[in-house]
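The next block holds one structure in the form of structure tokens; read it before the comments.
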Amino acid sequence: REREAERAREREEMDRQREEMDRQREEMRRLSGVPQHLRSSFELLPPDMSELRVVLLGNSWSERSSVGNFILGETVFDTEEEPDRCLRVRGQLKDKEIVLINTPDLLSPNISADNLRKHVENCVRLSDPGPHVFLLVLQPEDFTEQLKQKIRRVLEKFGGRSFDHSLILISTPREEKPGFMEEYKQHPPLNDLIRKSKYRFLWRKNLELEELLTRFGQIVKENNGEHLKL
């Protein structure tokens, strides 16, 4: 009975998320008739918010950097060479500024506790006074129970409410096969993390920038326009 009740709650939450996304898509369609120079890429953000701060986390530097370049519309992160430090880049999207903080591999099993602490402290400094969104860019076929526990510990170092500000972006598997989306979504470690993030997730495959920005706005709205207090 408890499992049936949990599944019912999951279905209700996913239905709520779908309804919210449908409403937002309808709003975006309505705005599509407004001249481009009068529109903002962040229609869902509070009008007095001039800057959105996003921290990129995940198990692949190449994928994180590719997503960062996708958001900014230009190549600012080198997808091949991973630095041993956090990188902070500022971009302009209409009348809002977006700040991306790309992290080194904080999920590596070889990273020492001292280095992890230093990287987190640096990330906190670069995202001051606090990030609005943690974008978790995950390679599904490589995402294990060990990585899930590691990313939870990393997020907890930023504060107890980090998952309230988290969005999962699932990268396209290196080898695609029919039904891979449903298969990986049900993969226990990934499914647990999706639940922990309140069912906020997107697939990288065929993702449009406006949909990703809409999700950022949804997270900001759900947190009453406030960033994570660090």
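Ordering of the structure tokens sets the chain letters (A, B, ...); residue numbers start at 1 within each chain; ligands are numbered from 1 in the order shown.
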For range 151-164 of chain A: contacts at 7 Å, only C-alpha atoms, fewer than 6 positions along chain excluded, given as a PyMOL selection string: chain A and resi 107+196-197+228+230
Shell of 12 Å around Ile111 in chain A, only C-alpha atoms, local chain residues under 6 positions omitted, as a ChimeraX atom specification: /A:84,104-105,117-119,150,154
Backbone DSSP call of alpha helix (DSSP H) for range 48-207 of chain A, listed as a PDB file with C-alpha atoms, in the first residue's frame:
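Result saved to result.pdb:
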ATOM      1  CA  TRP A  61      33.196  18.181 -18.353  1.00  0.00           C
ATOM      2  CA  SER A  62      32.610  17.946 -22.094  1.00  0.00           C
ATOM      3  CA  GLU A  63      28.827  17.715 -21.670  1.00  0.00           C
ATOM      4  CA  ARG A  64      28.689  20.501 -19.061  1.00  0.00           C
ATOM      5  CA  SER A  65      30.727  22.781 -21.291  1.00  0.00           C
ATOM      6  CA  SER A  66      28.654  21.932 -24.361  1.00  0.00           C
ATOM      7  CA  VAL A  67      25.478  22.841 -22.469  1.00  0.00           C
ATOM      8  CA  GLY A  68      27.065  26.083 -21.226  1.00  0.00           C
ATOM      9  CA  ASN A  69      27.989  27.040 -24.793  1.00  0.00           C
ATOM     10  CA  PHE A  70      24.456  26.138 -25.918  1.00  0.00           C
ATOM     11  CA  ILE A  71      22.943  28.491 -23.317  1.00  0.00           C
ATOM     12  CA  LEU A  72      25.252  31.378 -24.192  1.00  0.00           C
ATOM     13  CA  ALA A 113      38.110  15.868   0.569  1.00  0.00           C
ATOM     14  CA  ASP A 114      40.363  18.909   0.798  1.00  0.00           C
ATOM     15  CA  ASN A 115      40.188  19.638  -2.955  1.00  0.00           C
ATOM     16  CA  LEU A 116      36.434  19.113  -2.958  1.00  0.00           C
ATOM     17  CA  ARG A 117      36.074  21.606  -0.120  1.00  0.00           C
ATOM     18  CA  LYS A 118      38.241  24.155  -1.946  1.00  0.00           C
ATOM     19  CA  HIS A 119      36.277  23.796  -5.192  1.00  0.00           C
ATOM     20  CA  VAL A 120      32.938  24.170  -3.398  1.00  0.00           C
ATOM     21  CA  GLU A 121      34.191  27.246  -1.532  1.00  0.00           C
ATOM     22  CA  ASN A 122      35.388  28.755  -4.809  1.00  0.00           C
ATOM     23  CA  CYS A 123      32.048  27.984  -6.456  1.00  0.00           C
ATOM     24  CA  VAL A 124      30.242  29.648  -3.550  1.00  0.00           C
ATOM     25  CA  ARG A 125      32.431  32.736  -3.970  1.00  0.00           C
ATOM     26  CA  LEU A 126      31.833  32.878  -7.734  1.00  0.00           C
ATOM     27  CA  GLU A 145      24.532   4.606  -7.331  1.00  0.00           C
ATOM     28  CA  GLN A 146      27.992   5.796  -6.261  1.00  0.00           C
ATOM     29  CA  LEU A 147      27.695   8.911  -8.440  1.00  0.00           C
ATOM     30  CA  LYS A 148      24.207   9.577  -7.118  1.00  0.00           C
ATOM     31  CA  GLN A 149      25.448   9.528  -3.541  1.00  0.00           C
ATOM     32  CA  LYS A 150      28.401  11.738  -4.504  1.00  0.00           C
ATOM     33  CA  ILE A 151      26.244  14.376  -6.164  1.00  0.00           C
ATOM     34  CA  ARG A 152      23.930  14.408  -3.153  1.00  0.00           C
ATOM     35  CA  ARG A 153      26.889  14.992  -0.840  1.00  0.00           C
ATOM     36  CA  VAL A 154      28.228  17.740  -3.103  1.00  0.00           C
ATOM     37  CA  LEU A 155      24.863  19.514  -3.218  1.00  0.00           C
ATOM     38  CA  GLU A 156      24.473  19.222   0.547  1.00  0.00           C
ATOM     39  CA  LYS A 157      27.720  21.173   0.915  1.00  0.00           C
ATOM     40  CA  PHE A 158      25.932  24.105  -0.738  1.00  0.00           C
ATOM     41  CA  PHE A 180      16.307   4.613 -24.335  1.00  0.00           C
ATOM     42  CA  MET A 181      14.555   7.586 -22.708  1.00  0.00           C
ATOM     43  CA  GLU A 182      12.135   5.472 -20.699  1.00  0.00           C
ATOM     44  CA  GLU A 183      14.811   2.884 -19.929  1.00  0.00           C
ATOM     45  CA  TYR A 184      17.250   5.376 -18.446  1.00  0.00           C
ATOM     46  CA  LYS A 185      14.526   7.350 -16.659  1.00  0.00           C
ATOM     47  CA  PRO A 188      17.149   3.375 -10.098  1.00  0.00           C
ATOM     48  CA  PRO A 189      19.959   5.883  -9.305  1.00  0.00           C
ATOM     49  CA  LEU A 190      18.701   8.353 -11.912  1.00  0.00           C
ATOM     50  CA  ASN A 191      15.072   7.822 -10.956  1.00  0.00           C
ATOM     51  CA  ASP A 192      15.903   8.494  -7.285  1.00  0.00           C
ATOM     52  CA  LEU A 193      17.676  11.727  -8.180  1.00  0.00           C
ATOM     53  CA  ILE A 194      14.747  12.829 -10.360  1.00  0.00           C
ATOM     54  CA  ARG A 195      12.398  12.301  -7.411  1.00  0.00           C
ATOM     55  CA  LYS A 196      14.761  14.199  -5.108  1.00  0.00           C
TER      56      LYS A 196
END
Within 9 Å of Arg88 in chain A, counting only C-alpha atoms, which residues qualify if same-chain residues fewer than 4 places away don't, as JSON, numbers by chain? {"A": [99, 100, 101, 102, 103, 123, 126, 127]}
So that I have them on file, write out the residues from the current selection with all heavy atoms, as a PDB file, in the first residue's frame.
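For reference, selection-v1.pdb as written:
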ATOM      1  N   VAL A  99      24.737  34.276 -15.476  1.00  0.00           N
ATOM      2  CA  VAL A  99      26.084  33.946 -15.020  1.00  0.00           C
ATOM      3  C   VAL A  99      26.161  32.426 -14.878  1.00  0.00           C
ATOM      4  O   VAL A  99      25.379  31.825 -14.132  1.00  0.00           O
ATOM      5  CB  VAL A  99      26.405  34.620 -13.673  1.00  0.00           C
ATOM      6  CG1 VAL A  99      27.777  34.160 -13.167  1.00  0.00           C
ATOM      7  CG2 VAL A  99      26.379  36.133 -13.812  1.00  0.00           C
ATOM      8  N   LEU A 100      27.086  31.818 -15.609  1.00  0.00           N
ATOM      9  CA  LEU A 100      27.286  30.371 -15.538  1.00  0.00           C
ATOM     10  C   LEU A 100      28.573  30.086 -14.780  1.00  0.00           C
ATOM     11  O   LEU A 100      29.617  30.675 -15.078  1.00  0.00           O
ATOM     12  CB  LEU A 100      27.375  29.760 -16.936  1.00  0.00           C
ATOM     13  CG  LEU A 100      26.164  29.894 -17.861  1.00  0.00           C
ATOM     14  CD1 LEU A 100      26.416  29.164 -19.174  1.00  0.00           C
ATOM     15  CD2 LEU A 100      24.903  29.365 -17.199  1.00  0.00           C
ATOM     16  N   ILE A 101      28.491  29.194 -13.810  1.00  0.00           N
ATOM     17  CA  ILE A 101      29.680  28.748 -13.079  1.00  0.00           C
ATOM     18  C   ILE A 101      29.864  27.272 -13.415  1.00  0.00           C
ATOM     19  O   ILE A 101      29.062  26.422 -13.012  1.00  0.00           O
ATOM     20  CB  ILE A 101      29.548  28.935 -11.550  1.00  0.00           C
ATOM     21  CG1 ILE A 101      29.417  30.426 -11.201  1.00  0.00           C
ATOM     22  CG2 ILE A 101      30.765  28.354 -10.843  1.00  0.00           C
ATOM     23  CD1 ILE A 101      27.996  30.898 -11.064  1.00  0.00           C
ATOM     24  N   ASN A 102      30.876  26.980 -14.224  1.00  0.00           N
ATOM     25  CA  ASN A 102      31.159  25.611 -14.641  1.00  0.00           C
ATOM     26  C   ASN A 102      32.189  25.016 -13.694  1.00  0.00           C
ATOM     27  O   ASN A 102      33.258  25.608 -13.469  1.00  0.00           O
ATOM     28  CB  ASN A 102      31.680  25.604 -16.079  1.00  0.00           C
ATOM     29  CG  ASN A 102      31.549  24.237 -16.740  1.00  0.00           C
ATOM     30  OD1 ASN A 102      31.143  23.272 -16.105  1.00  0.00           O
ATOM     31  ND2 ASN A 102      31.889  24.172 -18.017  1.00  0.00           N
ATOM     32  N   THR A 103      31.868  23.864 -13.143  1.00  0.00           N
ATOM     33  CA  THR A 103      32.714  23.252 -12.119  1.00  0.00           C
ATOM     34  C   THR A 103      33.602  22.163 -12.709  1.00  0.00           C
ATOM     35  O   THR A 103      33.249  21.535 -13.710  1.00  0.00           O
ATOM     36  CB  THR A 103      31.841  22.622 -11.017  1.00  0.00           C
ATOM     37  OG1 THR A 103      30.997  21.619 -11.609  1.00  0.00           O
ATOM     38  CG2 THR A 103      30.976  23.669 -10.336  1.00  0.00           C
ATOM     39  N   CYS A 123      33.329  27.886  -5.757  1.00  0.00           N
ATOM     40  CA  CYS A 123      32.048  27.984  -6.456  1.00  0.00           C
ATOM     41  C   CYS A 123      31.087  28.897  -5.700  1.00  0.00           C
ATOM     42  O   CYS A 123      30.366  29.697  -6.300  1.00  0.00           O
ATOM     43  CB  CYS A 123      31.449  26.594  -6.635  1.00  0.00           C
ATOM     44  SG  CYS A 123      29.949  26.552  -7.650  1.00  0.00           S
ATOM     45  N   LEU A 126      32.139  32.435  -6.375  1.00  0.00           N
ATOM     46  CA  LEU A 126      31.833  32.878  -7.734  1.00  0.00           C
ATOM     47  C   LEU A 126      30.336  33.076  -7.968  1.00  0.00           C
ATOM     48  O   LEU A 126      29.944  33.828  -8.865  1.00  0.00           O
ATOM     49  CB  LEU A 126      32.382  31.870  -8.757  1.00  0.00           C
ATOM     50  CG  LEU A 126      33.905  31.749  -8.838  1.00  0.00           C
ATOM     51  CD1 LEU A 126      34.309  30.656  -9.807  1.00  0.00           C
ATOM     52  CD2 LEU A 126      34.540  33.076  -9.240  1.00  0.00           C
ATOM     53  N   SER A 127      29.513  32.398  -7.176  1.00  0.00           N
ATOM     54  CA  SER A 127      28.062  32.522  -7.343  1.00  0.00           C
ATOM     55  C   SER A 127      27.435  33.446  -6.301  1.00  0.00           C
ATOM     56  O   SER A 127      26.211  33.496  -6.166  1.00  0.00           O
ATOM     57  CB  SER A 127      27.389  31.144  -7.267  1.00  0.00           C
ATOM     58  OG  SER A 127      27.627  30.531  -6.015  1.00  0.00           O
TER      59      SER A 127
END
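Relative to CA of Leu57 in chain A, CA of Asn110 in chain A is found at 16.6 Å.
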Going by DSSP on the backbone, which bits of range 21-200 of chain A are strand (DSSP E)? Write them as a PyMOL selection string, please. chain A and resi 51-58+87-93+96-102+133-138+166-170
Residues from last step as file, C-alpha atoms, as a PDB file, in the first residue's frame:
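result.pdb was written with the following content:
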ATOM      1  CA  GLU A  51      20.847  38.480 -13.190  1.00  0.00           C
ATOM      2  CA  LEU A  52      20.334  34.714 -13.130  1.00  0.00           C
ATOM      3  CA  ARG A  53      23.132  32.594 -11.616  1.00  0.00           C
ATOM      4  CA  VAL A  54      23.412  28.958 -12.709  1.00  0.00           C
ATOM      5  CA  VAL A  55      25.910  26.367 -11.436  1.00  0.00           C
ATOM      6  CA  LEU A  56      26.758  23.506 -13.828  1.00  0.00           C
ATOM      7  CA  LEU A  57      27.405  20.162 -12.128  1.00  0.00           C
ATOM      8  CA  GLY A  58      27.680  16.641 -13.529  1.00  0.00           C
ATOM      9  CA  LEU A  87      35.078  28.937 -14.403  1.00  0.00           C
ATOM     10  CA  ARG A  88      32.659  31.865 -14.266  1.00  0.00           C
ATOM     11  CA  VAL A  89      31.247  33.345 -17.480  1.00  0.00           C
ATOM     12  CA  ARG A  90      28.722  36.140 -17.891  1.00  0.00           C
ATOM     13  CA  GLY A  91      26.389  36.392 -20.882  1.00  0.00           C
ATOM     14  CA  GLN A  92      23.551  38.616 -22.027  1.00  0.00           C
ATOM     15  CA  LEU A  93      20.146  37.309 -23.058  1.00  0.00           C
ATOM     16  CA  LYS A  96      18.729  39.804 -18.383  1.00  0.00           C
ATOM     17  CA  GLU A  97      22.240  38.721 -17.579  1.00  0.00           C
ATOM     18  CA  ILE A  98      23.049  35.074 -16.994  1.00  0.00           C
ATOM     19  CA  VAL A  99      26.084  33.946 -15.020  1.00  0.00           C
ATOM     20  CA  LEU A 100      27.286  30.371 -15.538  1.00  0.00           C
ATOM     21  CA  ILE A 101      29.680  28.748 -13.079  1.00  0.00           C
ATOM     22  CA  ASN A 102      31.159  25.611 -14.641  1.00  0.00           C
ATOM     23  CA  VAL A 133      19.700  27.080 -10.269  1.00  0.00           C
ATOM     24  CA  PHE A 134      21.898  23.989 -10.108  1.00  0.00           C
ATOM     25  CA  LEU A 135      21.873  22.393 -13.562  1.00  0.00           C
ATOM     26  CA  LEU A 136      22.845  18.731 -13.154  1.00  0.00           C
ATOM     27  CA  VAL A 137      24.144  17.557 -16.537  1.00  0.00           C
ATOM     28  CA  LEU A 138      24.234  13.753 -16.371  1.00  0.00           C
ATOM     29  CA  SER A 166      18.014  21.765  -9.033  1.00  0.00           C
ATOM     30  CA  LEU A 167      17.166  20.766 -12.603  1.00  0.00           C
ATOM     31  CA  ILE A 168      18.432  17.529 -14.174  1.00  0.00           C
ATOM     32  CA  LEU A 169      19.486  17.588 -17.823  1.00  0.00           C
ATOM     33  CA  ILE A 170      19.968  14.055 -19.157  1.00  0.00           C
TER      34      ILE A 170
END
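One finds CA of Phe143 in chain A at 9.0 Å from CA of His187 in chain A.
Take CA of Gly225 in chain A and CA of Leu45 in chain A: the distance between them is 7.3 Å.
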